[in-house]
file model_38.cif (mmCIF, C-alpha atoms)
data_query
#
loop_
_atom_site.label_atom_id
_atom_site.label_comp_id
_atom_site.auth_asym_id
_atom_site.auth_seq_id
_atom_site.Cartn_x
_atom_site.Cartn_y
_atom_site.Cartn_z
CA MET A 9 95.81 125.70 59.11
CA THR A 10 93.35 123.10 57.86
CA SER A 11 92.69 119.84 59.70
CA SER A 12 94.34 117.90 56.86
CA HIS A 13 97.49 120.00 57.22
CA ARG A 14 97.49 119.43 60.98
CA SER A 15 97.01 115.72 60.40
CA GLY A 16 99.92 115.75 57.97
CA TRP A 17 102.20 117.40 60.53
CA LEU A 18 101.15 114.91 63.21
CA GLU A 19 101.83 112.00 60.88
CA SER A 20 105.28 113.42 60.13
CA ALA A 21 106.03 113.93 63.83
CA ARG A 22 105.39 110.23 64.52
CA VAL A 23 108.71 109.48 62.84
CA TYR A 24 110.34 110.40 66.16
CA LEU A 25 108.59 107.45 67.80
CA HIS A 26 110.37 104.98 65.52
CA PRO A 27 112.48 102.73 67.81
CA ARG A 28 115.70 103.28 65.89
CA VAL A 29 115.15 107.04 65.72
CA LEU A 30 114.65 107.08 69.48
CA ALA A 31 117.79 104.96 69.90
CA MET A 32 119.81 107.69 68.19
CA LEU A 33 118.96 110.04 71.07
CA PHE A 34 120.82 107.76 73.49
CA LEU A 35 123.63 106.95 71.08
CA GLY A 36 124.06 110.69 70.52
CA PHE A 37 124.34 111.18 74.29
CA SER A 38 127.01 108.46 74.44
CA ALA A 39 128.92 110.16 71.61
CA GLY A 40 128.70 113.67 73.02
CA LEU A 41 129.60 112.86 76.64
CA PRO A 42 133.34 112.07 76.20
CA PHE A 43 134.07 114.99 73.87
CA LEU A 44 134.42 117.74 76.50
CA LEU A 45 135.85 115.39 79.11
CA VAL A 46 139.09 115.09 77.11
CA ALA A 47 139.02 118.75 76.06
CA GLY A 48 137.41 121.81 77.70
CA THR A 49 136.36 120.20 80.99
CA LEU A 50 139.77 118.58 81.43
CA THR A 51 141.61 121.85 80.78
CA ALA A 52 139.45 123.54 83.47
CA TRP A 53 140.62 120.89 85.97
CA LEU A 54 144.24 121.40 84.93
CA ALA A 55 143.95 125.17 85.20
CA GLN A 56 142.52 124.89 88.74
CA ASP A 57 145.43 122.61 89.67
CA GLN A 58 147.88 125.32 88.53
CA ILE A 59 149.24 123.34 85.57
CA SER A 60 151.15 125.67 83.24
CA MET A 61 149.35 127.16 80.25
CA ALA A 62 151.92 125.66 77.89
CA GLU A 63 151.18 122.16 79.18
CA ILE A 64 147.41 122.76 79.14
CA GLY A 65 147.64 123.92 75.53
CA MET A 66 149.35 120.68 74.54
CA PHE A 67 146.28 118.75 75.69
CA ALA A 68 144.60 120.00 72.51
CA TRP A 69 146.64 117.30 70.76
CA VAL A 70 144.55 114.67 72.58
CA GLY A 71 141.69 115.69 70.26
CA ILE A 72 143.75 114.73 67.21
CA ALA A 73 142.26 111.25 67.68
CA TYR A 74 138.98 112.66 66.35
CA SER A 75 140.84 114.26 63.46
CA VAL A 76 142.57 111.12 62.21
CA LYS A 77 139.76 108.59 62.75
CA PHE A 78 139.58 108.08 58.99
CA LEU A 79 142.83 106.10 59.32
CA TRP A 80 141.11 103.22 61.11
CA ALA A 81 137.57 103.79 59.80
CA PRO A 82 138.04 101.07 57.12
CA LEU A 83 138.88 98.56 59.89
CA VAL A 84 135.78 99.49 61.88
CA ASP A 85 133.80 99.22 58.67
CA ARG A 86 135.05 95.79 57.65
CA LEU A 87 136.91 93.98 60.47
CA PRO A 88 134.87 91.55 62.65
CA LEU A 89 135.78 91.35 66.35
CA PRO A 90 136.30 87.91 67.91
CA LEU A 91 133.25 86.74 69.89
CA LEU A 92 131.64 90.19 70.03
CA THR A 93 130.75 90.35 66.35
CA ARG A 94 129.24 86.87 66.45
CA ALA A 95 127.12 87.83 69.49
CA LEU A 96 126.12 91.40 68.57
CA GLY A 97 126.88 92.01 64.91
CA ARG A 98 129.65 94.20 63.48
CA ARG A 99 128.28 97.69 64.25
CA ARG A 100 127.12 96.96 67.79
CA ALA A 101 130.31 95.03 68.59
CA TRP A 102 132.51 97.99 67.70
CA MET A 103 130.23 100.39 69.59
CA LEU A 104 130.39 98.29 72.74
CA LEU A 105 134.17 97.84 72.58
CA ALA A 106 134.63 101.59 72.08
CA GLN A 107 132.33 102.41 75.02
CA MET A 108 134.34 100.13 77.28
CA GLY A 109 137.46 102.02 76.18
CA VAL A 110 135.87 105.39 77.00
CA ILE A 111 134.83 104.17 80.47
CA ALA A 112 138.33 102.84 81.16
CA GLY A 113 139.90 106.14 80.08
CA LEU A 114 137.59 108.28 82.23
CA LEU A 115 138.09 106.09 85.30
CA GLY A 116 141.84 106.26 84.71
CA ILE A 117 141.73 110.08 84.63
CA ALA A 118 139.61 110.09 87.81
CA ALA A 119 142.20 107.93 89.59
CA THR A 120 145.14 110.20 88.71
CA ASP A 121 146.35 113.43 90.31
CA PRO A 122 147.40 115.84 87.51
CA GLN A 123 149.94 117.57 89.75
CA ILE A 124 152.01 114.41 90.19
CA GLY A 125 150.89 112.30 87.21
CA LEU A 126 150.22 114.64 84.30
CA ALA A 127 151.67 112.20 81.76
CA ARG A 128 149.33 109.48 83.05
CA VAL A 129 146.36 111.85 82.75
CA ALA A 130 147.39 112.51 79.15
CA ALA A 131 147.66 108.77 78.41
CA PHE A 132 144.18 108.04 79.79
CA ALA A 133 142.79 111.06 77.91
CA VAL A 134 144.26 109.69 74.67
CA LEU A 135 142.65 106.31 75.38
CA ALA A 136 139.26 107.93 76.00
CA ALA A 137 139.56 110.12 72.88
CA PHE A 138 140.62 107.21 70.65
CA ALA A 139 137.77 105.05 71.92
CA SER A 140 135.30 107.93 71.56
CA ALA A 141 136.37 108.56 67.95
CA THR A 142 135.97 104.84 67.22
CA GLN A 143 132.49 104.94 68.73
CA ASP A 144 131.65 107.86 66.39
CA ILE A 145 132.65 105.80 63.36
CA ALA A 146 130.52 102.84 64.44
CA ILE A 147 127.50 105.00 65.32
CA ASP A 148 127.67 106.81 61.96
CA ALA A 149 127.77 103.47 60.15
CA TRP A 150 124.83 102.12 62.18
CA ARG A 151 122.81 105.31 61.55
CA ILE A 152 123.32 105.15 57.80
CA GLU A 153 122.46 101.45 57.56
CA ALA A 154 119.70 101.15 60.18
CA VAL A 155 116.89 103.03 58.40
CA ASP A 156 115.79 104.16 54.96
CA LEU A 157 116.88 107.49 53.50
CA SER A 158 113.47 109.01 54.39
CA LEU A 159 114.26 108.63 58.11
CA GLN A 160 117.82 109.97 58.01
CA GLY A 161 116.73 113.54 58.81
CA ALA A 162 114.95 112.39 61.96
CA MET A 163 117.95 110.22 62.90
CA ALA A 164 120.27 113.21 62.55
CA ALA A 165 117.94 115.44 64.60
CA THR A 166 117.68 113.03 67.54
CA TYR A 167 121.43 112.34 67.37
CA GLN A 168 122.25 116.06 67.60
CA THR A 169 119.84 116.49 70.50
CA GLY A 170 121.37 113.57 72.40
CA TYR A 171 124.87 114.80 71.58
CA ARG A 172 124.13 118.25 73.03
CA ILE A 173 122.64 116.71 76.17
CA GLY A 174 125.87 114.73 76.52
CA ILE A 175 127.88 117.94 76.06
CA LEU A 176 125.71 119.59 78.74
CA ALA A 177 126.36 116.76 81.19
CA ALA A 178 130.11 116.71 80.50
CA GLY A 179 130.35 120.50 80.66
CA ALA A 180 127.97 122.02 83.20
CA GLY A 181 127.34 118.74 85.02
CA ALA A 182 131.01 117.91 85.55
CA LEU A 183 131.88 121.49 86.56
CA VAL A 184 129.10 121.60 89.15
CA ILE A 185 130.11 118.23 90.64
CA ALA A 186 133.75 119.36 90.72
CA SER A 187 132.86 122.62 92.48
CA GLN A 188 130.67 120.90 95.06
CA ALA A 189 132.74 117.75 95.60
CA SER A 190 135.85 116.90 93.55
CA TRP A 191 137.11 116.45 90.02
CA GLN A 192 137.70 112.77 90.74
CA LEU A 193 134.02 112.24 91.57
CA ALA A 194 132.98 114.26 88.52
CA TYR A 195 134.89 111.93 86.19
CA GLN A 196 133.62 108.82 87.99
CA VAL A 197 130.03 110.01 87.51
CA MET A 198 130.70 110.71 83.82
CA ALA A 199 132.09 107.19 83.40
CA LEU A 200 128.91 105.84 84.99
CA LEU A 201 126.76 107.86 82.57
CA MET A 202 128.44 106.05 79.65
CA VAL A 203 126.34 103.05 80.71
CA VAL A 204 123.47 104.79 78.86
CA GLY A 205 125.26 103.97 75.60
CA VAL A 206 126.11 100.44 76.69
CA ILE A 207 122.48 99.63 77.52
CA THR A 208 121.33 101.14 74.22
CA VAL A 209 123.74 98.96 72.25
CA LEU A 210 122.47 95.84 74.02
CA PHE A 211 118.84 96.67 73.20
CA ILE A 212 119.07 97.89 69.58
CA ALA A 213 119.17 95.51 66.64
CA GLU A 214 122.00 95.16 64.16
CA PRO A 215 121.03 96.81 60.84
CA GLU A 216 120.00 94.56 57.97
CA HIS A 217 122.76 95.89 55.72
CA SER A 218 124.36 94.05 52.84
CA SER A 219 127.40 92.26 54.17
CA ALA A 220 130.62 94.09 53.41
CA ARG A 221 133.68 92.15 52.36
CA ASP A 222 135.69 91.13 55.42
CA LEU A 223 139.44 90.78 55.63
CA ARG A 224 140.30 87.52 53.89
CA SER A 225 142.94 84.99 54.73
CA ARG A 226 144.31 84.87 51.19
CA PRO A 227 146.78 87.59 50.05
CA ALA A 228 144.54 88.42 47.10
CA GLY A 229 141.71 89.02 49.55
CA TYR A 230 143.77 91.50 51.57
CA LEU A 231 144.71 93.43 48.43
CA ARG A 232 141.12 93.50 47.18
CA TRP A 233 139.88 94.69 50.58
CA PHE A 234 142.56 97.39 50.87
CA THR A 235 141.83 98.69 47.37
CA ASP A 236 138.09 98.78 47.91
CA ALA A 237 138.00 100.11 51.48
CA VAL A 238 141.01 102.44 51.60
CA ILE A 239 142.14 103.44 48.11
CA GLY A 240 138.67 103.61 46.55
CA PRO A 241 137.21 106.50 48.59
CA ILE A 242 140.34 108.64 48.19
CA ALA A 243 140.75 107.93 44.48
CA ASP A 244 137.07 108.71 43.89
CA PHE A 245 137.42 112.17 45.46
CA PHE A 246 140.46 113.09 43.35
CA VAL A 247 138.89 111.75 40.16
CA ARG A 248 135.71 113.77 40.71
CA HIS A 249 137.43 117.05 41.60
CA GLY A 250 140.61 116.89 39.56
CA ARG A 251 143.16 119.67 40.07
CA ALA A 252 140.93 121.45 42.58
CA ALA A 253 140.89 118.47 44.95
CA LEU A 254 143.91 119.54 47.02
CA LEU A 255 142.63 123.09 47.49
CA LEU A 256 139.24 121.75 48.48
CA LEU A 257 140.92 119.61 51.15
CA VAL A 258 142.86 122.65 52.38
CA PHE A 259 139.58 124.58 52.60
CA ILE A 260 137.97 121.80 54.64
CA GLY A 261 140.97 121.75 56.98
CA PHE A 262 141.04 125.51 57.52
CA TYR A 263 137.33 126.35 57.72
CA ARG A 264 137.14 126.03 61.54
CA PHE A 265 140.82 126.80 62.12
CA SER A 266 140.37 129.95 64.25
CA ASP A 267 137.72 128.26 66.38
CA MET A 268 140.05 125.34 67.12
CA VAL A 269 142.99 127.62 67.98
CA LEU A 270 140.87 129.47 70.56
CA GLY A 271 138.78 126.63 71.94
CA VAL A 272 141.38 124.81 74.05
CA MET A 273 142.23 127.99 75.99
CA ALA A 274 138.65 129.17 76.65
CA ASN A 275 138.14 127.58 80.09
CA PRO A 276 141.64 128.47 81.35
CA PHE A 277 140.93 132.06 80.20
CA TYR A 278 137.64 132.23 82.12
CA ILE A 279 139.35 130.95 85.26
CA ALA A 280 142.39 133.21 84.82
CA ILE A 281 140.35 136.42 84.69
CA GLY A 282 138.24 135.49 87.71
CA PHE A 283 135.04 133.62 86.79
CA SER A 284 133.91 130.85 89.15
CA LEU A 285 133.22 127.28 88.01
CA GLU A 286 129.51 127.84 88.70
CA GLU A 287 129.45 130.94 86.44
CA ILE A 288 131.38 129.12 83.70
CA ALA A 289 128.99 126.15 83.93
CA ALA A 290 125.84 128.27 83.86
CA VAL A 291 126.83 130.56 81.00
CA THR A 292 129.12 128.54 78.74
CA LYS A 293 127.75 125.03 79.30
CA VAL A 294 124.01 125.56 79.86
CA PHE A 295 123.09 128.85 78.23
CA GLY A 296 125.73 128.26 75.55
CA VAL A 297 124.21 124.92 74.52
CA PHE A 298 120.84 126.51 73.81
CA VAL A 299 122.49 129.33 71.84
CA THR A 300 124.40 126.74 69.80
CA LEU A 301 121.17 124.88 69.02
CA ALA A 302 119.57 128.16 67.95
CA GLY A 303 122.53 128.91 65.68
CA ALA A 304 122.31 125.41 64.21
CA ALA A 305 118.62 125.91 63.42
CA ILE A 306 119.33 129.27 61.78
CA GLY A 307 122.15 127.72 59.75
CA GLY A 308 119.88 124.94 58.52
CA LEU A 309 117.20 127.42 57.49
CA ALA A 310 119.79 129.60 55.75
CA VAL A 311 120.91 126.66 53.60
CA VAL A 312 117.30 125.88 52.66
CA ARG A 313 116.52 129.52 51.87
CA TYR A 314 119.75 130.70 50.23
CA GLY A 315 121.67 127.57 49.27
CA LEU A 316 125.22 126.83 50.42
CA ALA A 317 127.32 129.55 48.81
CA GLY A 318 126.31 132.62 50.85
CA PRO A 319 126.01 130.89 54.25
CA LEU A 320 129.37 129.15 53.72
CA VAL A 321 131.16 132.51 53.32
CA ILE A 322 129.16 134.19 56.09
CA GLY A 323 130.02 131.32 58.44
CA ALA A 324 133.74 131.72 57.81
CA VAL A 325 133.49 135.45 58.54
CA LEU A 326 131.49 134.86 61.73
CA LEU A 327 134.02 132.38 63.11
CA ALA A 328 136.83 134.91 62.71
CA VAL A 329 134.96 138.02 63.88
CA THR A 330 133.33 136.51 66.99
CA ASN A 331 136.77 135.67 68.42
CA LEU A 332 137.22 139.42 68.88
CA PHE A 333 134.59 139.33 71.63
CA PHE A 334 137.08 137.34 73.71
CA ALA A 335 139.69 140.04 73.10
CA GLY A 336 137.18 142.61 74.33
CA MET A 337 136.53 140.60 77.50
CA ALA A 338 140.27 140.25 78.09
CA ALA A 339 140.54 144.05 78.02
CA TYR A 340 137.33 144.77 79.97
CA GLY A 341 137.54 142.14 82.70
CA ALA A 342 135.41 139.41 84.26
CA GLU A 343 131.93 140.91 83.92
CA LEU A 344 129.13 138.35 83.75
CA TRP A 345 127.16 140.33 81.16
CA PHE A 346 130.22 140.42 78.90
CA LEU A 347 130.61 136.65 79.24
CA VAL A 348 126.96 136.19 78.23
CA LEU A 349 127.47 138.49 75.24
CA THR A 350 130.67 136.69 74.18
CA ILE A 351 129.16 133.22 74.50
CA SER A 352 126.05 134.37 72.62
CA ALA A 353 128.13 135.55 69.67
CA ASP A 354 130.61 132.66 69.70
CA ASN A 355 128.11 129.82 70.12
CA LEU A 356 125.62 131.29 67.65
CA ALA A 357 128.42 131.38 65.08
CA ALA A 358 129.53 127.83 65.98
CA GLY A 359 126.00 126.46 65.63
CA PHE A 360 125.37 128.30 62.37
CA THR A 361 128.63 127.19 60.74
CA GLY A 362 128.18 123.65 62.06
CA SER A 363 124.93 123.15 60.14
CA VAL A 364 126.22 124.87 57.01
CA PHE A 365 129.51 123.00 56.90
CA ILE A 366 127.97 119.59 57.62
CA ALA A 367 125.59 120.24 54.71
CA TYR A 368 128.58 121.14 52.53
CA LEU A 369 130.54 118.02 53.51
CA SER A 370 127.49 115.81 53.02
CA GLY A 371 127.07 117.17 49.52
CA MET A 372 130.71 116.38 48.77
CA THR A 373 130.33 112.73 49.79
CA ASN A 374 129.86 109.88 47.34
CA VAL A 375 127.25 107.52 48.82
CA ALA A 376 129.24 104.57 47.53
CA TYR A 377 131.88 105.44 50.17
CA THR A 378 129.74 107.30 52.71
CA ALA A 379 131.33 106.12 55.97
CA THR A 380 134.97 106.40 54.95
CA GLN A 381 134.70 109.63 52.95
CA TYR A 382 132.66 111.37 55.63
CA ALA A 383 135.16 110.21 58.26
CA LEU A 384 137.93 111.63 56.07
CA PHE A 385 136.20 115.00 55.67
CA SER A 386 135.13 115.36 59.30
CA SER A 387 138.61 114.35 60.46
CA LEU A 388 140.35 116.79 58.14
CA MET A 389 137.96 119.53 59.31
CA THR A 390 139.63 119.49 62.75
CA LEU A 391 143.17 118.16 62.15
CA PRO A 392 145.12 121.38 61.28
CA GLY A 393 143.41 123.35 64.05
CA LYS A 394 144.08 120.62 66.61
CA ILE A 395 147.78 120.51 65.71
CA ILE A 396 148.29 124.29 65.89
CA SER A 397 146.07 124.73 68.97
CA GLY A 398 148.54 122.60 70.92
CA PHE A 399 150.83 125.65 70.91
CA SER A 400 148.09 128.04 72.09
CA GLY A 401 149.21 127.92 75.72
CA GLN A 402 152.77 128.83 74.76
CA ILE A 403 151.48 131.79 72.74
CA VAL A 404 149.44 133.01 75.73
CA GLU A 405 152.50 132.80 77.97
CA ALA A 406 154.62 134.63 75.39
CA VAL A 407 152.18 137.54 74.85
CA ASP A 408 148.91 138.15 76.74
CA TRP A 409 145.26 137.14 76.50
CA PHE A 410 144.23 140.13 74.39
CA SER A 411 146.98 139.55 71.79
CA PHE A 412 146.21 135.82 71.74
CA PHE A 413 142.58 136.40 70.78
CA ILE A 414 143.58 138.86 68.05
CA TYR A 415 145.90 136.14 66.74
CA ALA A 416 143.08 133.54 66.93
CA SER A 417 140.78 135.84 64.97
CA ALA A 418 143.45 136.43 62.30
CA MET A 419 143.79 132.67 61.88
CA GLY A 420 140.28 132.72 60.37
CA LEU A 421 141.24 134.90 57.40
CA PRO A 422 142.50 132.01 55.18
CA ALA A 423 139.11 130.30 55.63
CA VAL A 424 137.28 133.43 54.47
CA ILE A 425 139.47 133.73 51.36
CA LEU A 426 139.14 130.02 50.54
CA ALA A 427 135.36 130.12 51.10
CA VAL A 428 135.04 132.93 48.55
CA TRP A 429 137.18 130.97 46.07
CA VAL A 430 135.23 127.72 46.57
CA THR A 431 131.79 129.30 46.19
CA ARG A 432 132.74 131.31 43.10
CA ARG A 433 133.92 128.28 41.15
CA ASP A 434 131.73 127.49 38.16
CA ASP A 435 131.27 123.88 39.30
CA PHE A 436 130.36 124.70 42.92
CA GLY A 437 126.79 123.45 42.48
CA ALA A 438 127.95 120.19 40.93
CA GLN A 439 130.57 119.69 43.66
CA THR A 440 128.02 119.91 46.44
CA SER A 441 125.40 117.63 44.85
CA ARG A 442 125.64 114.30 46.60
CA VAL A 443 126.86 111.54 44.28
CA ASP A 444 124.60 108.49 44.09
CA ALA A 445 126.80 106.15 42.10
#
call {"tool": "encode", "arguments": {"input": "model_38.cif", "output": "structure tokens"}}
result
Amino acid sequence: MTSSHRSGWLESARVYLHPRVLAMLFLGFSAGLPFLLVAGTLTAWLAQDQISMAEIGMFAWVGIAYSVKFLWAPLVDRLPLPLLTRALGRRRAWMLLAQMGVIAGLLGIAATDPQIGLARVAAFAVLAAFASATQDIAIDAWRIEAVDLSLQGAMAATYQTGYRIGILAAGAGALVIASQASWQLAYQVMALLMVVGVITVLFIAEPEHSSARDLRSRPAGYLRWFTDAVIGPIADFFVRHGRAALLLLVFIGFYRFSDMVLGVMANPFYIAIGFSLEEIAAVTKVFGVFVTLAGAAIGGLAVVRYGLAGPLVIGAVLLAVTNLFFAGMAAYGAELWFLVLTISADNLAAGFTGSVFIAYLSGMTNVAYTATQYALFSSLMTLPGKIISGFSGQIVEAVDWFSFFIYASAMGLPAVILAVWVTRRDDFGAQTSRVDA
């Protein structure tokens, strides 16, 4: 490599020293931390406290907050908050309010005994999930508006890194604290770690975006705002895609269906067949994070090298097939090497499909409605799976672990069929070219 090439790479790498790019690392951490604490980590606590599998499965419905965030995304986008917006600006105000909600929810969970107050645990988990989803909306809006398009790749990279560190803390970190001390202390520490996001919000600057139309006091203003913020993004999608629009939405909703159906029962399964919290933390939460990042990198390269069509179909197949590794472990037993093999396959597939599907959804988005349309797509991506996964515990109790994982794998077949249909359409290339109007 010539010195000029090396110099060019060094110049490019300096983008990660940009203050707002660095800020995304900490905002990503703040976004990733609550995700497992209302999902996988919480179900591990419930399983250890001998809560029934049917009730644990229903906790998957807590995650529906992430799947319907598009419903209040227009409010986060346009509605100023009293006092906070004047002091911090619209994006930072919503981020700070959401972070306070997450902290309150986590502290509420920590103060509740699931064996005697399961409904209260569920209520605090819903609060934390709703606040976390709101924080996601505000962070996405800040990311899009804070820097030029040329820096968006670096912003996304640091965000994903921070997010995975947050997942690591909420997964392995919380499990280790719980095994050495208590679940209550684990959730109190996680609430304290949310201060990372709070401090970041106080130090970053509000983006110099063009002011969006606020809610007006006049009736005509309300109607104009509702049409522009709510109806516009939806109408644009249906106008652009015509009769295929509904099937495309079904495809988005079913692509990760099998993964969602299985995910809520993963930690209870590990505990049920005999793995310790330390083993679960080390393999699924530490090793698994690095495998996921590797899969994400491979997925990104696959899109660059082969385009979207092939990787989109391959991803759907991988999500369905890798669930069979769990069925194999259910039959074979709690062997650590089998857990490593299963997590390697499952997380590699999750990382790969994550990159590919985000690229697909980004290409489907009209930049005139970026925040709301992307919130709609990312919400729809998880909604059907979250609803059905709430019954996963009841299915496990009705059959057995092996049959459940066969069922979870079969739930991926519609995604494979729809992926083939989507990629073979004559206008597939046009559909996935980001609209600039």
call {"tool": "residues_around", "arguments": {"input": "model_38.cif", "residues": "segment 43-48 of chain A", "least_positions_apart": "5", "cutoff": "7 Å", "atoms": "only C-alpha atoms", "output": "PyMOL selection string"}}
result
chain A and resi 68+133+137+175+178-179+272+275
call {"tool": "write_last_selection", "arguments": {"input": "model_38.cif", "atoms": "C-alpha atoms", "output": "mmCIF file, in the coordinates of the input"}}
result
data_model
loop_
_atom_site.group_PDB
_atom_site.id
_atom_site.type_symbol
_atom_site.label_atom_id
_atom_site.label_comp_id
_atom_site.auth_asym_id
_atom_site.auth_seq_id
_atom_site.Cartn_x
_atom_site.Cartn_y
_atom_site.Cartn_z
ATOM 1 C CA ALA A 68 144.600 120.000 72.510
ATOM 2 C CA ALA A 133 142.790 111.060 77.910
ATOM 3 C CA ALA A 137 139.560 110.120 72.880
ATOM 4 C CA ILE A 175 127.880 117.940 76.060
ATOM 5 C CA ALA A 178 130.110 116.710 80.500
ATOM 6 C CA GLY A 179 130.350 120.500 80.660
ATOM 7 C CA VAL A 272 141.380 124.810 74.050
ATOM 8 C CA ASN A 275 138.140 127.580 80.090
#
call {"tool": "closest_atom_pairs", "arguments": {"input": "model_38.cif", "of": "segment 306-347 of chain A", "to": "segment 352-363 of chain A", "cutoff": "9 Å", "atoms": "all atoms listed in the file", "output": "tab-separated table"}}
result
residue	atom	partner	partner_atom	distance
A:Ile306	CA	A:Phe360	CA	6.1
A:Gly307	CA	A:Phe360	CA	4.2
A:Gly308	CA	A:Ser363	CA	5.6
A:Ala310	CA	A:Phe360	CA	8.8
A:Val311	CA	A:Ser363	CA	8.4
A:Pro319	CA	A:Thr361	CA	7.9
A:Leu320	CA	A:Thr361	CA	7.3
A:Ile322	CA	A:Thr361	CA	8.4
A:Gly323	CA	A:Thr361	CA	4.9
A:Ala324	CA	A:Thr361	CA	7.4
A:Leu326	CA	A:Ala357	CA	5.7
A:Leu327	CA	A:Ala357	CA	6.0
A:Thr330	CA	A:Asp354	CA	5.4
A:Asn331	CA	A:Asp354	CA	7.0
A:Phe333	CA	A:Ala353	CA	7.7
A:Phe334	CA	A:Asp354	CA	8.9
A:Leu347	CA	A:Ser352	CA	8.4
call {"tool": "write_last_selection", "arguments": {"input": "model_38.cif", "atoms": "C-alpha atoms", "output": "compact mmCIF listing (two decimals), in the frame of the given file"}}
result
# COMPACT_ATOMS: atom_id res chain seq x y z
CA ILE A 306 119.33 129.27 61.78
CA GLY A 307 122.15 127.72 59.75
CA GLY A 308 119.88 124.94 58.52
CA ALA A 310 119.79 129.60 55.75
CA VAL A 311 120.91 126.66 53.60
CA PRO A 319 126.01 130.89 54.25
CA LEU A 320 129.37 129.15 53.72
CA ILE A 322 129.16 134.19 56.09
CA GLY A 323 130.02 131.32 58.44
CA ALA A 324 133.74 131.72 57.81
CA LEU A 326 131.49 134.86 61.73
CA LEU A 327 134.02 132.38 63.11
CA THR A 330 133.33 136.51 66.99
CA ASN A 331 136.77 135.67 68.42
CA PHE A 333 134.59 139.33 71.63
CA PHE A 334 137.08 137.34 73.71
CA LEU A 347 130.61 136.65 79.24
call {"tool": "resolve_selection", "arguments": {"input": "model_38.cif", "expression": "the PyMOL selection byres ((chain A and resi 52-65) around 7)", "output": "PyMOL selection string"}}
result
chain A and resi 48-51+66-68+122-123+191+272-273+275-276+397-402+405
call {"tool": "residues_around", "arguments": {"input": "model_38.cif", "residues": "Glu153 of chain A", "least_positions_apart": "2", "cutoff": "7 Å", "atoms": "only C-alpha atoms", "output": "ChimeraX atom specification"}}
result
/A:149-151,155,215,217
call {"tool": "closest_residue", "arguments": {"input": "model_38.cif", "among": "A:Leu183, A:Ala119, A:Thr208, A:Gly97", "to": "Phe34 of chain A", "atoms": "all atoms listed in the file"}}
result
A:Thr208
call {"tool": "closest_residue", "arguments": {"input": "model_38.cif", "among": "A:Ala367, A:Val110, A:Ile395, A:Val294", "to": "Val348 of chain A", "atoms": "only C-alpha atoms"}}
result
A:Val294
call {"tool": "atom_distance", "arguments": {"input": "model_38.cif", "atom1": "atom CA of Leu384 of chain A", "atom2": "atom CA of Phe262 of chain A"}}
result
14.3 Å
call {"tool": "atom_distance", "arguments": {"input": "model_38.cif", "atom1": "atom CA of Gln143 of chain A", "atom2": "atom CA of Thr373 of chain A"}}
result
20.6 Å
call {"tool": "resolve_selection", "arguments": {"input": "model_38.cif", "expression": "the PyMOL selection byres ((chain A and resi 103) around 9)", "output": "ChimeraX atom specification"}}
result
/A:98-102,104-108,142-147,205-206,209
call {"tool": "atom_distance", "arguments": {"input": "model_38.cif", "atom1": "atom CA of Ser75 of chain A", "atom2": "atom CA of Leu391 of chain A"}}
result
4.7 Å
call {"tool": "closest_residue", "arguments": {"input": "model_38.cif", "among": "A:Leu344, A:Val70, A:Leu256, A:Ile288", "to": "Ala130 of chain A", "atoms": "all atoms listed in the file"}}
result
A:Val70
call {"tool": "build_atoms", "arguments": {"input": "model_38.cif", "residues": "segment 104-113 of chain A", "atoms": "N, CA and C atoms", "output": "PDB file, in the frame of the given file"}}
result
ATOM      1  N   LEU A 104     130.211  98.738  71.366  1.00  0.00           N
ATOM      2  CA  LEU A 104     130.390  98.290  72.740  1.00  0.00           C
ATOM      3  C   LEU A 104     131.858  98.307  73.147  1.00  0.00           C
ATOM      4  N   LEU A 105     132.741  97.822  72.277  1.00  0.00           N
ATOM      5  CA  LEU A 105     134.170  97.840  72.580  1.00  0.00           C
ATOM      6  C   LEU A 105     134.656  99.273  72.803  1.00  0.00           C
ATOM      7  N   ALA A 106     134.217 100.185  71.953  1.00  0.00           N
ATOM      8  CA  ALA A 106     134.630 101.590  72.080  1.00  0.00           C
ATOM      9  C   ALA A 106     134.117 102.190  73.390  1.00  0.00           C
ATOM     10  N   GLN A 107     132.888 101.878  73.765  1.00  0.00           N
ATOM     11  CA  GLN A 107     132.330 102.410  75.020  1.00  0.00           C
ATOM     12  C   GLN A 107     133.098 101.907  76.228  1.00  0.00           C
ATOM     13  N   MET A 108     133.529 100.655  76.195  1.00  0.00           N
ATOM     14  CA  MET A 108     134.340 100.130  77.280  1.00  0.00           C
ATOM     15  C   MET A 108     135.676 100.885  77.367  1.00  0.00           C
ATOM     16  N   GLY A 109     136.225 101.252  76.213  1.00  0.00           N
ATOM     17  CA  GLY A 109     137.460 102.020  76.180  1.00  0.00           C
ATOM     18  C   GLY A 109     137.283 103.413  76.767  1.00  0.00           C
ATOM     19  N   VAL A 110     136.159 104.060  76.443  1.00  0.00           N
ATOM     20  CA  VAL A 110     135.870 105.390  77.000  1.00  0.00           C
ATOM     21  C   VAL A 110     135.756 105.304  78.523  1.00  0.00           C
ATOM     22  N   ILE A 111     135.011 104.327  79.026  1.00  0.00           N
ATOM     23  CA  ILE A 111     134.830 104.170  80.470  1.00  0.00           C
ATOM     24  C   ILE A 111     136.173 103.947  81.159  1.00  0.00           C
ATOM     25  N   ALA A 112     137.013 103.105  80.578  1.00  0.00           N
ATOM     26  CA  ALA A 112     138.330 102.840  81.160  1.00  0.00           C
ATOM     27  C   ALA A 112     139.173 104.112  81.201  1.00  0.00           C
ATOM     28  N   GLY A 113     139.130 104.900  80.121  1.00  0.00           N
ATOM     29  CA  GLY A 113     139.900 106.140  80.080  1.00  0.00           C
ATOM     30  C   GLY A 113     139.436 107.153  81.112  1.00  0.00           C
TER      31      GLY A 113
END
